[in-house]
Amino acid sequence: MKLKTSLYAFILALMPSIAAAEEAAKLDSGDTAWMITACALVLFMTIPGLSLFYAGMARSKNVLSIMMQCLTITGIATILWVIGVYSIAFGNGGDLNSVWGGLSDMFMGSLTAKDANNALPLVGTIPRSVHAMFQLTFAIITPALIIGAFAERMKFGAIVAFVSAWLVLVYGPVCHWVWAEGGFLYSDGVIDFAGGTVVHINAGIAGLIACIMVGKRKGFPTTKMPPHSLVLTCIGTGMLWVGWFGFNAGSALTAGHGAGMAMFTTQIAAATATITWVGIEWIFHKKPSALGAASGAIAGLVAITPACGNVGPMGALVIGFISAICCFLGATKLKQRFGYDDSLDAFGVHGIGGTVGAVLAGIFCAPALGGIGFGTGHEGIGSQLTAQIVGIVVTYAYSGVITFILLKIIDKVIGLRVSEEEETEGLDIAVHGEQGYNL
Amino acid sequence: MKLKTSLYAFILALMPSIAAAEEAAKLDSGDTAWMITACALVLFMTIPGLSLFYAGMARSKNVLSIMMQCLTITGIATILWVIGVYSIAFGNGGDLNSVWGGLSDMFMGSLTAKDANNALPLVGTIPRSVHAMFQLTFAIITPALIIGAFAERMKFGAIVAFVSAWLVLVYGPVCHWVWAEGGFLYSDGVIDFAGGTVVHINAGIAGLIACIMVGKRKGFPTTKMPPHSLVLTCIGTGMLWVGWFGFNAGSALTAGHGAGMAMFTTQIAAATATITWVGIEWIFHKKPSALGAASGAIAGLVAITPACGNVGPMGALVIGFISAICCFLGATKLKQRFGYDDSLDAFGVHGIGGTVGAVLAGIFCAPALGGIGFGTGHEGIGSQLTAQIVGIVVTYAYSGVITFILLKIIDKVIGLRVSEEEETEGLDIAVHGEQGYNL
Amino acid sequence: MKLKTSLYAFILALMPSIAAAEEAAKLDSGDTAWMITACALVLFMTIPGLSLFYAGMARSKNVLSIMMQCLTITGIATILWVIGVYSIAFGNGGDLNSVWGGLSDMFMGSLTAKDANNALPLVGTIPRSVHAMFQLTFAIITPALIIGAFAERMKFGAIVAFVSAWLVLVYGPVCHWVWAEGGFLYSDGVIDFAGGTVVHINAGIAGLIACIMVGKRKGFPTTKMPPHSLVLTCIGTGMLWVGWFGFNAGSALTAGHGAGMAMFTTQIAAATATITWVGIEWIFHKKPSALGAASGAIAGLVAITPACGNVGPMGALVIGFISAICCFLGATKLKQRFGYDDSLDAFGVHGIGGTVGAVLAGIFCAPALGGIGFGTGHEGIGSQLTAQIVGIVVTYAYSGVITFILLKIIDKVIGLRVSEEEETEGLDIAVHGEQGYNL
Amino acid sequence: MKQIIAIIKPFKLDDVREALSNIGVQGITVTEVRGFGRQKGHTELYRGAEYVVDFLPKIKLEIVVNDNMLEQVTEAIIETANSGKIGDGKIFISNIENVIRIRTGETGPEAV
Amino acid sequence: MKQIIAIIKPFKLDDVREALSNIGVQGITVTEVRGFGRQKGHTELYRGAEYVVDFLPKIKLEIVVNDNMLEQVTEAIIETANSGKIGDGKIFISNIENVIRIRTGETGPEAV
Amino acid sequence: MKQIIAIIKPFKLDDVREALSNIGVQGITVTEVRGFGRQKGHTELYRGAEYVVDFLPKIKLEIVVNDNMLEQVTEAIIETANSGKIGDGKIFISNIENVIRIRTGETGPEAV
Ligand SMILES: Nc1ncnc2c1ncn2[C@@H]1O[C@H](COP(=O)(O)OP(=O)(O)O)[C@@H](O)[C@H]1O
Ligand SMILES: Nc1ncnc2c1ncn2[C@@H]1O[C@H](COP(=O)(O)OP(=O)(O)O)[C@@H](O)[C@H]1O
Ligand SMILES: Nc1ncnc2c1ncn2[C@@H]1O[C@H](COP(=O)(O)OP(=O)(O)O)[C@@H](O)[C@H]1O
């Protein structure tokens, strides 16, 4: 859960409705209404949002493989969540609670366990079931983001195995560290309002490692691989943008000022980054592009994610501006420079944007810069920044290493890549036995 | 309305906000916020959700005919609802109230009729207008589901005539039986939380009868008729899944624990069915497909619909699993076996999935199986199951027979099918004078 | 803000929650939940809704230019809003308050300025940030509507310049006149519940002037320019329809009876207009078309916009019916008659539909006709109609003249139109350096 | 060797391909084309703008055969592609000087 | 009989078709092709990856005519398809040995 | 002058085009076609309905050259389009009687 203590106190002060609710731990129908809606919005980001965004950039012979992977991941993540990842993330791990939530809440019995007054459990002012569902939608989109890195060449079976293991071994724990009371980064006062480290850095670095290990697509970078339908990518961008309100404003867990400002900063950062990326292209390439606008929008949305509830409008503007520049370089220069094939820029946009956002969150949360204050135990930009960087480094290291080990194992057991022939024919026909278009 | 008495008592116990509201019949802004949103989500299921899901599976020469039919049905259902179907469904039919709601609320005067305190009318804690709108979105999607069965060959005029008559003669009454206080299936304690019988079985059987009466598409099954764009189908699937939260969690009519759990069971069943269908294909055909994932998702969503508010997470998992197997057989084997041309599997998925769900709702509602209890007047699985089966059989029989009669009449008067030439040319050009794609 | 005094009193009477809130100026989580959702819905109308609706009607060589323009406008409007347009629209202009809101709230400091009780500011019962965001989504879609008029030929730079200046000089002031307390049309008791004048007439007339000044597309009207993908247009239609609930019901600013009825009248008008347009085509062209259904839906939605919160169900039905007829004539006959090239019928649908709606709002708000009463200072249809017509004429005149001047200047400085060669090649490649489809 | 170009109606493609397979044709190249001929196209109407679409979707088959197969092939096409309605299409026959199989480098009749 | 293959710019199609109609051409088969020639293609840039698209969209017309029509047809095409700019395209003429109308079985000149 | 029609695998297009450019070919016309040959197509399965797709995506190149270039061009194609696997495609050579450049009206060899 995303209630940092200091932030929490702040919110309590602002919102009589919550304050009251806390006293009696009462369900608030308005907060619940918003959070149910937020669940729908965040799921909408993955299916169909992200699957469109990604599928449009792939070649037409692989379009369904992307959409299929997104649907399958939605299924897998849900089932694993119910079985045990929820427990790992939000359970109480006892002695080991600083690193994981344990397995005591497997099968989510806690959702239906009534209290002394025969009432179903709440998280703040909303039903525990809604909170569990909201968090599930994050556990769905995170691995779905990764697939952009190794699109168009990885074995379906290997993806299924990797994503399943990764959810259990990486997502669950990292989520616990940052968002569960008692998690060690939570205790450190790391600010990650809606998932800069847990979601974007986590997915970005996993994608980077994975795309290097799976190897480049046949023909990359000499063969032309233009996006097969930027129309789909633009549709996906719109859906992601809108769904992101659920992601960011939903992370307030209530329908009040906190959610309102998180939505507004999200909008500002996304808009600024869109215009910045378009501007860069216009100046340097003479041709501002729709893909550039879309990429900018996502870059801004990613970067504001960890910061959205903690910074002010002007902070959001700066974050949007800087993130667009960094992600532009990440998606265009870095990749070329080092020659890895992060096909749809999972690292270039999410890894880098998440990192930029996590760092800047530690700066622009400063009240002097229009923010709403530091995380628990921090009283200045210096110490907050240190905490942020610890959070970032830990996530890079842990997610990177486990991803590496998992893929090594999977490579040995079933292999990571489809055959050259299958890759040439396209995954849609070779792996899934169907075609995207029969026009 | 979906408040079974026992369920109702249960909900009252859980939700102080409702309990309080009932005393004073007070509007709750949180419940209203959620229900307005739910209206948007359910309409979103039809336009563009279902129209994409279906249109993608059609051939490109008929893509607009599907989208046009969905838009037109949205229009027709709305107008008929206002004129009289709302009254038939939710009015008070006096002596005949067990079978229909009568015509006393034609033109929906009750929506604006103020009470003694000069207050506008409520249904529970939400404005009557919102409840009427929410129910309208169900009256829109139900006939829209049917068109999948006779896609690509039926006359537009015949569809308009059929859908109009069917809404008045079938949808209105069946809705009244199951969801209106006093309806005979309602009184029987049949559990249908969000529309297994009213929506899915009702539409599924009508589709089956209709596709048999309209006849096979020219060339079926020898000619290849692959889906023209599974990309559209996958987009539609995501939209339907997300919109279904409005459908199922909205059927709680409040934003509380009931809605939360309904959303969560919906997610679990959809996910499990997705993975199950994909698994079946993987094992038996070696190629797990995007269409399979999409079909599984819808199968699970359909099956959990009648049960979502009454079963627990594990019940949802089992329902998802079983529904995927049954619908897989329905869409692949049954159709081949009997040789009817249910083009887009309206019966194979909605009829069968709805039936499976309605039956299993009667089992997994049992507290011993994690459910929240039986319907009014039932105290064990046996008696509940009997009620469920009565509900199913009555719907099959009534909807089937009236559909048959309506189509016979329409066939006599204007004919059901376009000419062979028009069918070959495609409905888009032949009937609507336009083309889906001019790339 | 859209609270006309009389309407306001009416709403207060209806909704105890608001009435109570006003006393203590308390945040209502239910109202906030709905309004956050409404923000998401209205943004969804532009990206991806409108961009799909428009892009589908363009030729495939220009599809990305439309999507790019919508994304860019979203970015620009957001940034300008934050900088100063919000202040112009909703600030207090002091002596000049009847014509603009001044620049005192540049950079939106008012959003985070706490009151005496250290509470963040509200508008009614929702956070000021949410209200500002909601209004921003209107400021985004309005210029986006205009681009339909000069699609497929205008310079990207000219569009950016025009839209930026137009937002500051036209949108901000007109919005202030109609919706800000003290605005002169507001004071006149003009009824514009959700934006008939501010959004649709404003955009429609600007589009008309612009398309005449930019000139016809090369080859118009002799060359065939069929919509390249009505599938996209139909998807966009569904999204617009659903998003419109946020637009119209959101304009109630609370989740109560007002929002419920606004949603319901919106649905009725859209449905009636859909069926009417389809009917006209069926009768006169023999071929009812999907584009017709889509056009009808939008026509109805546009026309009900100013009226949705003030008329009854039957008023909505009549408005839907009349708007479809007028917009049908606008999009098919008027354009041909006068030979201007309003490519995607920005004027034909939005200008005309908005005008029809603004006029009829003045009639069907009459309690005798099922409406909820006249605007401040009006006591009969005659005087209300006069006010409506003043509102319409003022908007036509102001928006038209300023648009004309702006485009004259831009034409001189950078030119309005791409070269003939670029137009022939298509804007996607020529201007944006990318292609919509690589199938 | 001869090149046979046949313009046929799209829905006849499967029948024709099968017939040709049956008589031993080993290679066919198919193109989606639009044909303008005696058969009239349709009219599309978009918001009042009327478009006469003169071009109809057709399938073009290119088949290179040895001279001795020529007659058999044309007959098979005529039989299966014929629906008796206007727009059934045409067959054009011309001479091919040489054929080369890329994979093996074989030339002439044996490469067909 | 002769086969005339003309590669033209897409936006000229309607003009050419009309001109050919006017001089009595009864049948045309049209294919969307991509041409590589003197006219240079454009560059597309996607997230820093540059693609030079050498191939430009063109329209290919295939028209089979009796020998006496040959000149008239080529002239009509040259006149209407000519924009004076590079990339206007070419006309290739070859011999056709036989023509068969599928619907009627007619062969030779009368089948054209 | 000769017309060379080459059917090749789609992913070989860029290589072939480059090779042809290098030896001085000035014009190529490319069409996306579907080929039926020895190489077998795949099977698609949609909700239990099985479709055997006999036709495989191929690229057709049409190149008109002067007689002296013929051999060089065919060799270049054979070399670059050859993957050694079934389905690599074929080259068909026929005679062209005349070539006209639309823009200039030039005819014969100099128009090629
Ligand atoms: N002379 C021709 N040259 C090229 N293509 C032709 C010619 N004549 C006919 N075709 C092709 O054959 C198709 C069918 O011809 P059409 O005249 O419509 O019917 P039919 O062959 O039955 O008389 C046309 O659409 C066109 O593609
Ligand atoms: N020798 C050739 N063989 C096949 N197609 C050719 C040949 N030369 C030109 N073309 C076609 O004609 C088109 C126009 O040729 P290009 O050289 O660009 O301009 P121009 O004909 O005006 O000199 C090319 O895009 C190509 O499709
Ligand atoms: N006789 C033919 N006429 C026309 N096209 C042919 C002929 N033979 C082969 N082709 C084309 O060449 C392609 C490759 O031929 P195929 O028999 O599959 O492999 P290979 O040429 O390696 O033996 C086919 O898909 C088809 O498009």
# chains A, B, ... in the order shown; residues from 1 in each chain; ligands from 1
call {"tool": "residues_around", "arguments": {"residues": "Tyr51 (chain E)", "least_positions_apart": "5", "cutoff": "8 Å", "atoms": "only C-alpha atoms", "output": "PDB file with N, CA, C and O atoms, in the first residue's frame"}}
result
ATOM      1  N   LYS A 224      14.921  -3.453 -42.261  1.00  0.00           N
ATOM      2  CA  LYS A 224      13.886  -2.503 -41.844  1.00  0.00           C
ATOM      3  C   LYS A 224      12.806  -3.214 -41.042  1.00  0.00           C
ATOM      4  O   LYS A 224      12.284  -4.239 -41.484  1.00  0.00           O
ATOM      5  N   PRO A 226       9.855  -1.458 -39.600  1.00  0.00           N
ATOM      6  CA  PRO A 226       9.002  -0.337 -39.197  1.00  0.00           C
ATOM      7  C   PRO A 226       7.762  -0.836 -38.464  1.00  0.00           C
ATOM      8  O   PRO A 226       7.326  -1.961 -38.691  1.00  0.00           O
TER       9      PRO A 226
ATOM     10  N   THR E  43      12.290   9.013 -46.574  1.00  0.00           N
ATOM     11  CA  THR E  43      12.913   8.441 -45.389  1.00  0.00           C
ATOM     12  C   THR E  43      11.918   8.460 -44.247  1.00  0.00           C
ATOM     13  O   THR E  43      11.227   9.449 -44.044  1.00  0.00           O
ATOM     14  N   GLU E  44      11.833   7.364 -43.543  1.00  0.00           N
ATOM     15  CA  GLU E  44      10.996   7.331 -42.346  1.00  0.00           C
ATOM     16  C   GLU E  44      11.896   7.144 -41.134  1.00  0.00           C
ATOM     17  O   GLU E  44      12.914   6.485 -41.215  1.00  0.00           O
ATOM     18  N   LEU E  45      11.495   7.750 -40.037  1.00  0.00           N
ATOM     19  CA  LEU E  45      12.330   7.715 -38.844  1.00  0.00           C
ATOM     20  C   LEU E  45      11.453   7.322 -37.671  1.00  0.00           C
ATOM     21  O   LEU E  45      10.524   8.037 -37.315  1.00  0.00           O
TER      22      LEU E  45
END
call {"tool": "select_by_dssp", "arguments": {"residues": "chain F", "states": "alpha helix (DSSP H)", "output": "PyMOL selection string"}}
result
chain F and resi 13-22+70-81
call {"tool": "residues_near_ligand", "arguments": {"ligand": "ligand 1", "cutoff": "9 Å", "atoms": "only C-alpha atoms and all ligand atoms", "output": "ChimeraX atom specification"}}
result
/D:6-9,33-40,55-60,82,84-92 /E:3-4,25-30,61-66,99-104,111-112
call {"tool": "write_last_selection", "arguments": {"atoms": "N, CA and C atoms", "output": "compact mmCIF listing (two decimals), in the first residue's frame"}}
result
# COMPACT_ATOMS: atom_id res chain seq x y z
N ALA D 6 -4.75 -15.47 -66.08
CA ALA D 6 -6.21 -15.58 -65.99
C ALA D 6 -6.73 -14.59 -64.96
N ILE D 7 -7.72 -13.82 -65.39
CA ILE D 7 -8.40 -12.91 -64.45
C ILE D 7 -9.70 -13.59 -64.08
N ILE D 8 -9.90 -13.86 -62.80
CA ILE D 8 -11.13 -14.55 -62.40
C ILE D 8 -11.79 -13.84 -61.22
N LYS D 9 -12.99 -14.32 -60.89
CA LYS D 9 -13.68 -13.77 -59.72
C LYS D 9 -13.08 -14.36 -58.45
N VAL D 33 -6.10 -8.14 -57.80
CA VAL D 33 -6.14 -7.00 -58.69
C VAL D 33 -7.55 -6.42 -58.71
N ARG D 34 -7.68 -5.29 -59.38
CA ARG D 34 -9.01 -4.73 -59.56
C ARG D 34 -9.29 -4.63 -61.04
N GLY D 35 -10.46 -5.03 -61.42
CA GLY D 35 -10.74 -5.10 -62.84
C GLY D 35 -11.78 -4.11 -63.30
N PHE D 36 -11.57 -3.60 -64.48
CA PHE D 36 -12.52 -2.69 -65.09
C PHE D 36 -12.98 -3.37 -66.38
N GLY D 37 -14.25 -3.57 -66.53
CA GLY D 37 -14.71 -4.28 -67.73
C GLY D 37 -16.18 -4.04 -67.96
N ARG D 38 -16.82 -4.98 -68.58
CA ARG D 38 -18.24 -4.84 -68.87
C ARG D 38 -19.08 -4.85 -67.60
N GLN D 39 -18.64 -5.70 -66.66
CA GLN D 39 -19.37 -5.80 -65.40
C GLN D 39 -19.30 -4.45 -64.68
N LYS D 40 -20.45 -4.00 -64.22
CA LYS D 40 -20.48 -2.68 -63.61
C LYS D 40 -20.13 -2.73 -62.13
N PHE D 55 -14.01 -0.14 -60.36
CA PHE D 55 -13.11 -1.29 -60.31
C PHE D 55 -13.64 -2.35 -59.37
N LEU D 56 -13.64 -3.56 -59.85
CA LEU D 56 -14.13 -4.66 -59.04
C LEU D 56 -12.97 -5.55 -58.62
N PRO D 57 -13.06 -6.12 -57.44
CA PRO D 57 -11.99 -7.02 -57.01
C PRO D 57 -11.94 -8.27 -57.88
N LYS D 58 -10.77 -8.56 -58.36
CA LYS D 58 -10.56 -9.77 -59.18
C LYS D 58 -9.28 -10.45 -58.72
N ILE D 59 -9.11 -11.66 -59.14
CA ILE D 59 -7.88 -12.40 -58.85
C ILE D 59 -7.16 -12.66 -60.17
N LYS D 60 -5.88 -12.37 -60.17
CA LYS D 60 -5.09 -12.67 -61.36
C LYS D 60 -4.21 -13.89 -61.08
N ASN D 82 -16.02 -20.40 -64.61
CA ASN D 82 -17.21 -19.92 -65.31
C ASN D 82 -18.43 -19.96 -64.41
N GLY D 84 -21.08 -18.13 -65.65
CA GLY D 84 -22.09 -17.76 -66.62
C GLY D 84 -22.53 -16.31 -66.51
N LYS D 85 -21.98 -15.60 -65.54
CA LYS D 85 -22.40 -14.21 -65.36
C LYS D 85 -21.32 -13.27 -65.87
N ILE D 86 -21.74 -12.10 -66.21
CA ILE D 86 -20.79 -11.11 -66.70
C ILE D 86 -19.71 -10.87 -65.63
N GLY D 87 -18.48 -10.66 -66.11
CA GLY D 87 -17.39 -10.40 -65.17
C GLY D 87 -16.59 -11.64 -64.81
N ASP D 88 -16.85 -12.74 -65.49
CA ASP D 88 -16.14 -13.98 -65.16
C ASP D 88 -14.65 -13.89 -65.47
N GLY D 89 -14.30 -13.00 -66.38
CA GLY D 89 -12.87 -12.77 -66.62
C GLY D 89 -12.34 -13.35 -67.91
N LYS D 90 -11.04 -13.23 -68.06
CA LYS D 90 -10.41 -13.59 -69.32
C LYS D 90 -9.11 -14.34 -69.08
N ILE D 91 -8.67 -14.97 -70.16
CA ILE D 91 -7.38 -15.65 -70.13
C ILE D 91 -6.52 -15.07 -71.24
N PHE D 92 -5.29 -14.72 -70.89
CA PHE D 92 -4.35 -14.20 -71.89
C PHE D 92 -3.16 -15.15 -71.98
N GLN E 3 -0.26 -6.84 -75.39
CA GLN E 3 -0.46 -6.51 -73.99
C GLN E 3 0.30 -5.22 -73.67
N ILE E 4 -0.41 -4.28 -73.13
CA ILE E 4 0.22 -3.03 -72.73
C ILE E 4 0.28 -3.00 -71.21
N VAL E 25 -11.66 1.41 -74.91
CA VAL E 25 -11.05 0.25 -74.27
C VAL E 25 -12.10 -0.39 -73.35
N GLN E 26 -12.24 -1.70 -73.47
CA GLN E 26 -13.32 -2.37 -72.75
C GLN E 26 -12.86 -3.06 -71.47
N GLY E 27 -11.56 -3.27 -71.39
CA GLY E 27 -11.12 -4.00 -70.21
C GLY E 27 -9.75 -3.54 -69.73
N ILE E 28 -9.62 -3.39 -68.44
CA ILE E 28 -8.35 -3.00 -67.83
C ILE E 28 -8.20 -3.80 -66.53
N THR E 29 -7.00 -4.21 -66.25
CA THR E 29 -6.74 -4.85 -64.96
C THR E 29 -5.69 -4.02 -64.23
N VAL E 30 -6.00 -3.70 -62.99
CA VAL E 30 -5.19 -2.76 -62.24
C VAL E 30 -4.56 -3.43 -61.02
N LEU E 61 -1.16 -0.91 -64.83
CA LEU E 61 -2.33 -1.22 -65.66
C LEU E 61 -1.94 -2.30 -66.66
N GLU E 62 -2.78 -3.29 -66.80
CA GLU E 62 -2.59 -4.27 -67.87
C GLU E 62 -3.77 -4.17 -68.80
N ILE E 63 -3.48 -3.94 -70.05
CA ILE E 63 -4.55 -3.78 -71.02
C ILE E 63 -4.20 -4.61 -72.24
N VAL E 64 -5.06 -5.50 -72.59
CA VAL E 64 -4.83 -6.28 -73.81
C VAL E 64 -5.72 -5.69 -74.90
N VAL E 65 -5.11 -5.37 -76.02
CA VAL E 65 -5.89 -4.74 -77.10
C VAL E 65 -5.55 -5.42 -78.43
N ASN E 66 -6.45 -5.23 -79.35
CA ASN E 66 -6.13 -5.69 -80.70
C ASN E 66 -5.09 -4.75 -81.29
N VAL E 99 -6.38 -14.85 -76.58
CA VAL E 99 -7.23 -14.34 -75.51
C VAL E 99 -8.49 -15.19 -75.48
N ILE E 100 -8.92 -15.54 -74.30
CA ILE E 100 -10.16 -16.32 -74.17
C ILE E 100 -11.08 -15.62 -73.18
N ARG E 101 -12.34 -15.48 -73.52
CA ARG E 101 -13.31 -14.95 -72.55
C ARG E 101 -13.91 -16.13 -71.81
N ILE E 102 -13.73 -16.13 -70.53
CA ILE E 102 -14.14 -17.30 -69.73
C ILE E 102 -15.63 -17.56 -69.82
N ARG E 103 -16.39 -16.50 -69.71
CA ARG E 103 -17.84 -16.65 -69.69
C ARG E 103 -18.38 -17.34 -70.92
N THR E 104 -17.86 -16.94 -72.11
CA THR E 104 -18.44 -17.43 -73.36
C THR E 104 -17.55 -18.44 -74.07
N ALA E 111 -12.47 -11.77 -78.33
CA ALA E 111 -12.56 -11.97 -76.88
C ALA E 111 -11.95 -10.80 -76.11
N VAL E 112 -11.21 -9.97 -76.81
CA VAL E 112 -10.51 -8.87 -76.13
C VAL E 112 -11.47 -7.94 -75.40
call {"tool": "interface_residues", "arguments": {"of": "chain F", "to": "chain B", "cutoff": "8 Å", "atoms": "only C-alpha atoms", "output": "JSON, numbers by chain"}}
result
{"F": [46, 47, 48, 49, 51]}
call {"tool": "residues_around", "arguments": {"residues": "His131 (chain C)", "least_positions_apart": "5", "cutoff": "9 Å", "atoms": "only C-alpha atoms", "output": "list in words"}}
result
Gly260 of chain A; Met1, Met35, Ile36, Cys39, Leu122, Val123, Ile126, Leu136 and Leu253 of chain C
call {"tool": "write_last_selection", "arguments": {"atoms": "N, CA, C and O atoms", "output": "PDB file, in the first residue's frame"}}
result
ATOM      1  N   GLY A 260      -7.134  13.936  -6.615  1.00  0.00           N
ATOM      2  CA  GLY A 260      -7.301  15.041  -7.560  1.00  0.00           C
ATOM      3  C   GLY A 260      -5.967  15.604  -8.016  1.00  0.00           C
ATOM      4  O   GLY A 260      -5.720  15.770  -9.207  1.00  0.00           O
TER       5      GLY A 260
ATOM      6  N   MET C   1     -18.061  27.203 -14.548  1.00  0.00           N
ATOM      7  CA  MET C   1     -18.914  26.211 -13.914  1.00  0.00           C
ATOM      8  C   MET C   1     -20.328  26.362 -14.405  1.00  0.00           C
ATOM      9  O   MET C   1     -20.741  27.444 -14.808  1.00  0.00           O
ATOM     10  N   MET C  35     -16.513  12.651 -10.365  1.00  0.00           N
ATOM     11  CA  MET C  35     -15.888  13.681 -11.195  1.00  0.00           C
ATOM     12  C   MET C  35     -14.484  13.286 -11.672  1.00  0.00           C
ATOM     13  O   MET C  35     -14.071  13.646 -12.774  1.00  0.00           O
ATOM     14  N   ILE C  36     -13.755  12.543 -10.866  1.00  0.00           N
ATOM     15  CA  ILE C  36     -12.464  12.043 -11.341  1.00  0.00           C
ATOM     16  C   ILE C  36     -12.707  11.115 -12.533  1.00  0.00           C
ATOM     17  O   ILE C  36     -12.030  11.185 -13.560  1.00  0.00           O
ATOM     18  N   CYS C  39     -13.512  13.048 -15.601  1.00  0.00           N
ATOM     19  CA  CYS C  39     -12.308  13.586 -16.249  1.00  0.00           C
ATOM     20  C   CYS C  39     -11.710  12.536 -17.186  1.00  0.00           C
ATOM     21  O   CYS C  39     -11.348  12.836 -18.330  1.00  0.00           O
ATOM     22  N   LEU C 122     -12.138  23.887  -2.477  1.00  0.00           N
ATOM     23  CA  LEU C 122     -13.152  23.087  -3.162  1.00  0.00           C
ATOM     24  C   LEU C 122     -13.875  23.933  -4.206  1.00  0.00           C
ATOM     25  O   LEU C 122     -13.839  25.160  -4.163  1.00  0.00           O
ATOM     26  N   VAL C 123     -14.523  23.253  -5.119  1.00  0.00           N
ATOM     27  CA  VAL C 123     -15.540  23.878  -5.954  1.00  0.00           C
ATOM     28  C   VAL C 123     -16.782  23.052  -5.698  1.00  0.00           C
ATOM     29  O   VAL C 123     -16.840  21.881  -6.079  1.00  0.00           O
ATOM     30  N   ILE C 126     -16.324  19.190  -4.554  1.00  0.00           N
ATOM     31  CA  ILE C 126     -15.171  18.464  -5.083  1.00  0.00           C
ATOM     32  C   ILE C 126     -13.912  19.334  -5.012  1.00  0.00           C
ATOM     33  O   ILE C 126     -14.010  20.561  -4.984  1.00  0.00           O
ATOM     34  N   LEU C 136     -10.384  21.308 -18.000  1.00  0.00           N
ATOM     35  CA  LEU C 136      -9.272  21.189 -18.946  1.00  0.00           C
ATOM     36  C   LEU C 136      -9.616  20.202 -20.062  1.00  0.00           C
ATOM     37  O   LEU C 136      -9.298  20.427 -21.231  1.00  0.00           O
ATOM     38  N   LEU C 253     -21.493  18.119 -11.897  1.00  0.00           N
ATOM     39  CA  LEU C 253     -20.462  18.304 -10.873  1.00  0.00           C
ATOM     40  C   LEU C 253     -20.723  17.526  -9.587  1.00  0.00           C
ATOM     41  O   LEU C 253     -19.958  17.633  -8.634  1.00  0.00           O
TER      42      LEU C 253
END
call {"tool": "closest_residue", "arguments": {"among": "E:Val53, E:Ser83, E:Pro10, E:Asn98", "to": "chain F", "atoms": "only C-alpha atoms"}}
result
E:Ser83
call {"tool": "interface_residues", "arguments": {"of": "chain C", "to": "chain A", "cutoff": "6 Å", "atoms": "only C-alpha atoms", "output": "ChimeraX atom specification"}}
result
/C:29-30,32-33,40,47-48,68,75,119,127,129-130,431-433,436-439
call {"tool": "atom_distance", "arguments": {"atom1": "CA of Trp100 (chain B)", "atom2": "CA of His176 (chain B)"}}
result
5.8 Å
call {"tool": "closest_residue", "arguments": {"among": "F:Glu97, F:Glu106, F:Lys12, F:Ile5", "to": "chain E", "atoms": "only C-alpha atoms"}}
result
F:Glu97
call {"tool": "select_by_dssp", "arguments": {"residues": "chain D", "states": "strand (DSSP E)", "output": "ChimeraX atom specification"}}
result
/D:2-8,28-36,42-46,49-53,56-65,90-95,98-101
call {"tool": "residues_around", "arguments": {"residues": "region 13-17 of chain D", "least_positions_apart": "4", "cutoff": "7 Å", "atoms": "only C-alpha atoms", "output": "PyMOL selection string"}}
result
chain D and resi 21+77+80-81
call {"tool": "atom_distance", "arguments": {"atom1": "CA of Ile304 (chain A)", "atom2": "CA of Val63 (chain A)"}}
result
29.2 Å
call {"tool": "closest_residue", "arguments": {"among": "E:Asn68, E:Thr107, E:Asn22, E:Glu32", "to": "ligand 2", "atoms": "only C-alpha atoms and all ligand atoms"}}
result
E:Glu32
